[in-house]
Amino acid sequence: MTSTAGGAGQLLAISDLHIGYEENRALVERMRPETDDDWLIVAGDVAESVSAIEWALKTLAGRFRKVLWAPGNHELWTHPSDPVTLRGVERYEHLVEMCRRLGVVTPEDPYPVWEGRGGPVAVAPLFLLYDYSFLPAGCATKEEGLAYAHKTGIVCNDEYLLHPDPYPTREDWCRARVAETERRLAALPDDLPTVLINHWPLDRHPTEVLWYPEFAMWCGTRLTADWHRRFRVETMVYGHLHIPRTTVHEGVRFEEVSVGYPREWRKRPQPPGRLRRILPTEV
């Protein structure tokens with residue numbers, strides 16, 4: 001772990017910036033810290049192209065004391081419009097090296113300790129993926145779930161663009177990530193609370209409000225269902241669902257901090273792009 005005093009700053013969070021949309025790119029251009037000590041969590045889905053991801057993270061890293069990034073599925077896509085054609089683990093590692101050049105904390109780096117108001121807390125960006133264990137009602141296997149999803153027409157683009165190479169499947173990659181991350185979290189001091197950051201929620205309960213419940217298959221894994229208890233979680237920060245809200249599950253706060261697509265945020269009464277304060281806790 002590394003330790004950086006937070007002073008009078010805040011631990012802030014945002015996700016699902018999707019800056020391929022000009023309106024969303026403009027939101028990033030306007031994002032500023034409130035104090036010189038503010039940290040910013042970026043919980044995935046910045047963009048699909050490496051150059052756009054780099055622009056956004058470089059812009060934010062130049063403004064905030066510390067930026068922490070956890071990848072979403074869109075960063076991991078090998079999109080036909082992106083000249084970077086790396087797939088799977090190689091693409092992820094390429095993004096990690098890019099972040100390190102920018103001074104952005106990744107899931108492969110030591111977890112920094114927030115020592116500002118609300119601390120000390122280990123702030124851990126994670127990369128866990130999903131394993132199709134959030135199955136639709138009445139389905140007992142991945143195959144049944146995917147068949148149901150195809151029948152409804154609700155199929156995540158990951159099926160065509162997110163490659164698990166060199167793993168045989170996305171669920172194999174997920175299980176490897178879960179095992180390694182679990183080992184690292186278990187090594188943290190027993191008296192140190194955590195803020196866990198993952199693009200996908202650690203527990204299924206946030207997916208219960210999905211308009212299309214079958215989309216939950218691409219939203220996490222049952223393997224992490226007890227992590228909010230096991231690892232002394234102060235707050236679990238996630239995105240992906242494009243349903244920004246706060247829930248409390250078994251006494252633990254889950255914060256969905258996504259911006260989402262313009263067609264989604266235009267319908268909301270709140271102004272888009274507001275950074276959510278994780279610590280000190282918002283009242």
# chains A, B, ... in the order shown; residues from 1 in each chain; ligands from 1

call {"tool": "residues_around", "arguments": {"residues": "stretch 186-194 of chain A", "least_positions_apart": "5", "cutoff": "8 Å", "atoms": "only C-alpha atoms", "output": "PyMOL selection string"}}
result
chain A and resi 120-124+231-235

call {"tool": "select_by_dssp", "arguments": {"residues": "stretch 12-65 of chain A", "states": "strand (DSSP E)", "output": "list in words"}}
result
Leu12, Ala13, Ile14, Trp39, Leu40, Ile41 and Val42 of chain A

call {"tool": "write_last_selection", "arguments": {"atoms": "N, CA and C atoms", "output": "PDB file, in the first residue's frame"}}
result
ATOM      1  N   LEU A  12     -13.754  11.769  -4.397  1.00  0.00           N
ATOM      2  CA  LEU A  12     -14.874  11.944  -5.316  1.00  0.00           C
ATOM      3  C   LEU A  12     -14.908  10.805  -6.330  1.00  0.00           C
ATOM      4  N   ALA A  13     -16.039  10.610  -6.981  1.00  0.00           N
ATOM      5  CA  ALA A  13     -16.158   9.483  -7.919  1.00  0.00           C
ATOM      6  C   ALA A  13     -17.072   9.819  -9.081  1.00  0.00           C
ATOM      7  N   ILE A  14     -16.767   9.185 -10.217  1.00  0.00           N
ATOM      8  CA  ILE A  14     -17.567   9.290 -11.438  1.00  0.00           C
ATOM      9  C   ILE A  14     -17.312   8.024 -12.249  1.00  0.00           C
ATOM     10  N   TRP A  39      -9.179  13.753  -4.456  1.00  0.00           N
ATOM     11  CA  TRP A  39      -8.896  12.579  -5.272  1.00  0.00           C
ATOM     12  C   TRP A  39     -10.131  12.276  -6.113  1.00  0.00           C
ATOM     13  N   LEU A  40      -9.898  11.646  -7.256  1.00  0.00           N
ATOM     14  CA  LEU A  40     -11.023  11.282  -8.131  1.00  0.00           C
ATOM     15  C   LEU A  40     -10.947   9.820  -8.524  1.00  0.00           C
ATOM     16  N   ILE A  41     -12.031   9.102  -8.278  1.00  0.00           N
ATOM     17  CA  ILE A  41     -12.225   7.725  -8.746  1.00  0.00           C
ATOM     18  C   ILE A  41     -12.931   7.774 -10.096  1.00  0.00           C
ATOM     19  N   VAL A  42     -12.389   7.040 -11.076  1.00  0.00           N
ATOM     20  CA  VAL A  42     -13.035   6.891 -12.380  1.00  0.00           C
ATOM     21  C   VAL A  42     -13.313   5.393 -12.554  1.00  0.00           C
TER      22      VAL A  42
END

call {"tool": "residues_around", "arguments": {"residues": "A:Glu144", "least_positions_apart": "4", "cutoff": "12 Å", "atoms": "only C-alpha atoms", "output": "ChimeraX atom specification"}}
result
/A:132-133,135-140,148-151,214,217

call {"tool": "write_last_selection", "arguments": {"atoms": "all heavy atoms", "output": "compact mmCIF listing (two decimals), in the first residue's frame"}}
result
# COMPACT_ATOMS: atom_id res chain seq x y z
N TYR A 132 -21.48 -14.60 -15.79
CA TYR A 132 -22.82 -15.07 -16.20
C TYR A 132 -23.57 -15.77 -15.07
O TYR A 132 -24.50 -16.52 -15.32
CB TYR A 132 -22.75 -15.99 -17.42
CG TYR A 132 -22.08 -15.38 -18.63
CD1 TYR A 132 -20.72 -15.52 -18.85
CD2 TYR A 132 -22.82 -14.66 -19.56
CE1 TYR A 132 -20.10 -14.95 -19.96
CE2 TYR A 132 -22.23 -14.10 -20.68
CZ TYR A 132 -20.86 -14.25 -20.87
OH TYR A 132 -20.25 -13.69 -21.97
N SER A 133 -23.16 -15.53 -13.82
CA SER A 133 -23.86 -16.18 -12.70
C SER A 133 -25.08 -15.39 -12.23
O SER A 133 -25.85 -15.90 -11.42
CB SER A 133 -22.90 -16.43 -11.54
OG SER A 133 -22.27 -15.23 -11.11
N LEU A 135 -28.06 -15.01 -13.42
CA LEU A 135 -28.90 -15.57 -14.47
C LEU A 135 -30.34 -15.04 -14.42
O LEU A 135 -30.85 -14.73 -13.33
CB LEU A 135 -28.92 -17.09 -14.36
CG LEU A 135 -27.64 -17.82 -14.76
CD1 LEU A 135 -27.68 -19.27 -14.31
CD2 LEU A 135 -27.44 -17.73 -16.28
N PRO A 136 -31.01 -14.98 -15.58
CA PRO A 136 -32.43 -14.63 -15.58
C PRO A 136 -33.25 -15.68 -14.83
O PRO A 136 -32.86 -16.85 -14.74
CB PRO A 136 -32.80 -14.63 -17.07
CG PRO A 136 -31.50 -14.50 -17.80
CD PRO A 136 -30.48 -15.18 -16.94
N ALA A 137 -34.38 -15.25 -14.30
CA ALA A 137 -35.27 -16.17 -13.60
C ALA A 137 -35.65 -17.33 -14.51
O ALA A 137 -35.97 -17.14 -15.69
CB ALA A 137 -36.53 -15.43 -13.14
N GLY A 138 -35.58 -18.53 -13.97
CA GLY A 138 -35.94 -19.71 -14.73
C GLY A 138 -34.81 -20.33 -15.52
O GLY A 138 -34.98 -21.39 -16.12
N CYS A 139 -33.64 -19.69 -15.53
CA CYS A 139 -32.48 -20.22 -16.25
C CYS A 139 -31.48 -20.79 -15.25
O CYS A 139 -31.22 -20.18 -14.20
CB CYS A 139 -31.82 -19.13 -17.08
SG CYS A 139 -32.86 -18.46 -18.39
N ALA A 140 -30.93 -21.95 -15.57
CA ALA A 140 -30.01 -22.63 -14.65
C ALA A 140 -28.57 -22.61 -15.13
O ALA A 140 -27.66 -22.90 -14.35
CB ALA A 140 -30.45 -24.08 -14.44
N TYR A 148 -32.04 -17.18 -23.72
CA TYR A 148 -33.16 -16.32 -23.33
C TYR A 148 -32.89 -14.88 -23.75
O TYR A 148 -33.77 -14.19 -24.30
CB TYR A 148 -33.39 -16.41 -21.82
CG TYR A 148 -34.48 -15.51 -21.33
CD1 TYR A 148 -35.82 -15.88 -21.45
CD2 TYR A 148 -34.18 -14.28 -20.75
CE1 TYR A 148 -36.83 -15.04 -20.99
CE2 TYR A 148 -35.18 -13.43 -20.30
CZ TYR A 148 -36.51 -13.82 -20.42
OH TYR A 148 -37.51 -12.99 -19.98
N ALA A 149 -31.64 -14.40 -23.51
CA ALA A 149 -31.30 -13.03 -23.87
C ALA A 149 -31.41 -12.81 -25.37
O ALA A 149 -31.95 -11.78 -25.84
CB ALA A 149 -29.89 -12.70 -23.38
N HIS A 150 -30.92 -13.74 -26.16
CA HIS A 150 -31.02 -13.61 -27.61
C HIS A 150 -32.48 -13.60 -28.06
O HIS A 150 -32.85 -12.89 -29.01
CB HIS A 150 -30.25 -14.74 -28.30
CG HIS A 150 -28.77 -14.49 -28.38
ND1 HIS A 150 -28.20 -13.71 -29.36
CD2 HIS A 150 -27.75 -14.92 -27.60
CE1 HIS A 150 -26.89 -13.67 -29.19
NE2 HIS A 150 -26.58 -14.39 -28.12
N LYS A 151 -33.30 -14.35 -27.37
CA LYS A 151 -34.73 -14.39 -27.72
C LYS A 151 -35.39 -13.03 -27.45
O LYS A 151 -36.26 -12.58 -28.23
CB LYS A 151 -35.42 -15.49 -26.91
CG LYS A 151 -36.87 -15.71 -27.27
CD LYS A 151 -37.46 -16.88 -26.48
CE LYS A 151 -38.93 -17.10 -26.82
NZ LYS A 151 -39.49 -18.26 -26.05
N GLU A 214 -32.54 -9.48 -17.91
CA GLU A 214 -31.57 -10.41 -18.48
C GLU A 214 -30.19 -9.78 -18.65
O GLU A 214 -29.17 -10.49 -18.72
CB GLU A 214 -32.06 -10.97 -19.81
CG GLU A 214 -32.45 -9.95 -20.85
CD GLU A 214 -33.91 -9.52 -20.78
OE1 GLU A 214 -34.46 -9.42 -19.66
OE2 GLU A 214 -34.49 -9.29 -21.85
N MET A 217 -26.77 -10.59 -16.51
CA MET A 217 -25.72 -11.59 -16.76
C MET A 217 -24.37 -10.95 -17.04
O MET A 217 -23.33 -11.55 -16.77
CB MET A 217 -26.11 -12.47 -17.96
CG MET A 217 -27.14 -13.50 -17.65
SD MET A 217 -27.30 -14.70 -19.01
CE MET A 217 -27.93 -13.63 -20.31

call {"tool": "closest_residue", "arguments": {"among": "A:Thr247, A:Leu162, A:Arg25, A:Leu60", "to": "A:Glu75", "atoms": "only C-alpha atoms"}}
result
A:Leu162

call {"tool": "select_by_dssp", "arguments": {"residues": "stretch 40-132 of chain A", "states": "alpha helix (DSSP H)", "output": "MDAnalysis selection string"}}
result
chainID A and resid 50:61 73:76 88:102

call {"tool": "write_last_selection", "arguments": {"atoms": "C-alpha atoms", "output": "compact mmCIF listing (two decimals), in the first residue's frame"}}
result
# COMPACT_ATOMS: atom_id res chain seq x y z
CA VAL A 50 -7.21 4.12 -26.36
CA SER A 51 -6.57 7.69 -27.52
CA ALA A 52 -9.86 8.93 -26.04
CA ILE A 53 -9.25 7.10 -22.75
CA GLU A 54 -5.79 8.65 -22.58
CA TRP A 55 -7.11 12.15 -23.25
CA ALA A 56 -9.72 11.92 -20.49
CA LEU A 57 -7.45 10.41 -17.84
CA LYS A 58 -4.59 12.78 -18.69
CA THR A 59 -6.96 15.74 -18.43
CA LEU A 60 -8.28 14.64 -15.04
CA ALA A 61 -4.88 13.60 -13.68
CA ASN A 73 -16.20 -3.27 -20.46
CA HIS A 74 -16.00 -0.45 -23.04
CA GLU A 75 -12.27 0.11 -22.42
CA LEU A 76 -11.74 -3.61 -22.99
CA GLY A 88 -8.06 -9.31 -23.92
CA VAL A 89 -5.24 -9.31 -21.39
CA GLU A 90 -2.85 -7.54 -23.78
CA ARG A 91 -5.29 -4.67 -24.20
CA TYR A 92 -5.82 -4.38 -20.45
CA GLU A 93 -2.06 -4.40 -19.80
CA HIS A 94 -1.58 -1.74 -22.47
CA LEU A 95 -4.10 0.48 -20.68
CA VAL A 96 -2.41 -0.14 -17.33
CA GLU A 97 0.95 0.96 -18.70
CA MET A 98 -0.67 4.06 -20.21
CA CYS A 99 -2.20 4.93 -16.82
CA ARG A 100 1.13 4.50 -15.08
CA ARG A 101 2.75 6.98 -17.48
CA LEU A 102 -0.01 9.42 -16.54

call {"tool": "closest_residue", "arguments": {"among": "A:Thr152, A:Gln270, A:Thr78, A:Ser258", "to": "A:Ile243", "atoms": "only C-alpha atoms"}}
result
A:Ser258

call {"tool": "atom_distance", "arguments": {"atom1": "atom CA of A:Met236", "atom2": "atom CA of A:Val105"}}
result
17.3 Å

call {"tool": "residues_around", "arguments": {"residues": "A:Gly9", "least_positions_apart": "3", "cutoff": "12 Å", "atoms": "only C-alpha atoms", "output": "number ranges by chain"}}
result
A: 4-6, 12, 33-40, 64-66, 114-119, 277-280

call {"tool": "atom_distance", "arguments": {"atom1": "atom CA of A:Arg63", "atom2": "atom CA of A:Leu275"}}
result
13.6 Å

call {"tool": "closest_residue", "arguments": {"among": "A:Glu255, A:Asp172, A:His79, A:Tyr238", "to": "A:Pro125", "atoms": "only C-alpha atoms"}}
result
A:Tyr238

call {"tool": "residues_around", "arguments": {"residues": "A:Asn198", "least_positions_apart": "2", "cutoff": "7 Å", "atoms": "only C-alpha atoms", "output": "VMD selection string"}}
result
chain A and resid 43 70 125 to 127 196 200 to 201 237 to 238

call {"tool": "write_last_selection", "arguments": {"atoms": "all heavy atoms", "output": "compact mmCIF listing (two decimals), in the first residue's frame"}}
result
# COMPACT_ATOMS: atom_id res chain seq x y z
N ALA A 43 -14.59 5.01 -12.39
CA ALA A 43 -14.94 3.59 -12.30
C ALA A 43 -15.35 3.00 -13.65
O ALA A 43 -16.34 2.28 -13.75
CB ALA A 43 -16.04 3.39 -11.26
N ALA A 70 -10.56 2.15 -12.61
CA ALA A 70 -10.89 0.73 -12.75
C ALA A 70 -11.53 0.57 -14.13
O ALA A 70 -12.40 1.36 -14.50
CB ALA A 70 -11.85 0.28 -11.66
N PRO A 125 -9.01 0.18 -6.44
CA PRO A 125 -9.62 -0.07 -7.74
C PRO A 125 -9.45 -1.54 -8.13
O PRO A 125 -8.36 -2.10 -7.97
CB PRO A 125 -8.84 0.85 -8.69
CG PRO A 125 -7.52 1.08 -8.02
CD PRO A 125 -7.76 0.95 -6.54
N LEU A 126 -10.53 -2.15 -8.59
CA LEU A 126 -10.53 -3.58 -8.90
C LEU A 126 -10.91 -3.80 -10.36
O LEU A 126 -11.55 -2.97 -10.99
CB LEU A 126 -11.54 -4.33 -8.01
CG LEU A 126 -11.53 -4.03 -6.52
CD1 LEU A 126 -12.63 -4.83 -5.82
CD2 LEU A 126 -10.18 -4.30 -5.90
N PHE A 127 -10.52 -4.95 -10.87
CA PHE A 127 -10.94 -5.38 -12.20
C PHE A 127 -11.34 -6.84 -12.09
O PHE A 127 -10.51 -7.73 -11.95
CB PHE A 127 -9.82 -5.20 -13.22
CG PHE A 127 -10.06 -5.89 -14.53
CD1 PHE A 127 -11.33 -5.90 -15.10
CD2 PHE A 127 -9.04 -6.54 -15.20
CE1 PHE A 127 -11.57 -6.55 -16.32
CE2 PHE A 127 -9.26 -7.18 -16.41
CZ PHE A 127 -10.52 -7.19 -16.97
N LEU A 196 -14.03 -0.07 -2.04
CA LEU A 196 -13.77 -0.94 -3.18
C LEU A 196 -14.44 -0.36 -4.42
O LEU A 196 -15.62 0.01 -4.40
CB LEU A 196 -14.28 -2.36 -2.91
CG LEU A 196 -13.64 -3.11 -1.75
CD1 LEU A 196 -14.11 -4.57 -1.74
CD2 LEU A 196 -12.12 -3.04 -1.79
N TRP A 200 -18.34 -3.15 -12.24
CA TRP A 200 -19.54 -3.95 -12.03
C TRP A 200 -19.81 -4.06 -10.53
O TRP A 200 -18.87 -4.20 -9.73
CB TRP A 200 -19.33 -5.35 -12.62
CG TRP A 200 -19.04 -5.34 -14.09
CD1 TRP A 200 -19.95 -5.42 -15.11
CD2 TRP A 200 -17.75 -5.24 -14.73
NE1 TRP A 200 -19.30 -5.40 -16.33
CE2 TRP A 200 -17.96 -5.29 -16.13
CE3 TRP A 200 -16.44 -5.13 -14.24
CZ2 TRP A 200 -16.91 -5.22 -17.05
CZ3 TRP A 200 -15.39 -5.05 -15.16
CH2 TRP A 200 -15.63 -5.10 -16.55
N PRO A 201 -21.06 -4.03 -10.07
CA PRO A 201 -21.32 -4.12 -8.63
C PRO A 201 -20.88 -5.46 -8.06
O PRO A 201 -20.90 -6.48 -8.75
CB PRO A 201 -22.85 -3.95 -8.53
CG PRO A 201 -23.37 -4.34 -9.88
CD PRO A 201 -22.31 -3.93 -10.86
N VAL A 237 -18.07 1.38 -4.72
CA VAL A 237 -18.31 2.31 -5.82
C VAL A 237 -18.34 1.53 -7.13
O VAL A 237 -17.42 0.76 -7.41
CB VAL A 237 -17.21 3.38 -5.87
CG1 VAL A 237 -17.44 4.34 -7.05
CG2 VAL A 237 -17.13 4.15 -4.56
N TYR A 238 -19.37 1.74 -7.92
CA TYR A 238 -19.50 1.01 -9.19
C TYR A 238 -20.21 1.89 -10.22
O TYR A 238 -20.66 3.01 -9.93
CB TYR A 238 -20.25 -0.31 -9.00
CG TYR A 238 -21.72 -0.15 -8.66
CD1 TYR A 238 -22.70 -0.28 -9.63
CD2 TYR A 238 -22.13 0.14 -7.36
CE1 TYR A 238 -24.05 -0.12 -9.33
CE2 TYR A 238 -23.47 0.30 -7.04
CZ TYR A 238 -24.42 0.17 -8.03
OH TYR A 238 -25.75 0.34 -7.73
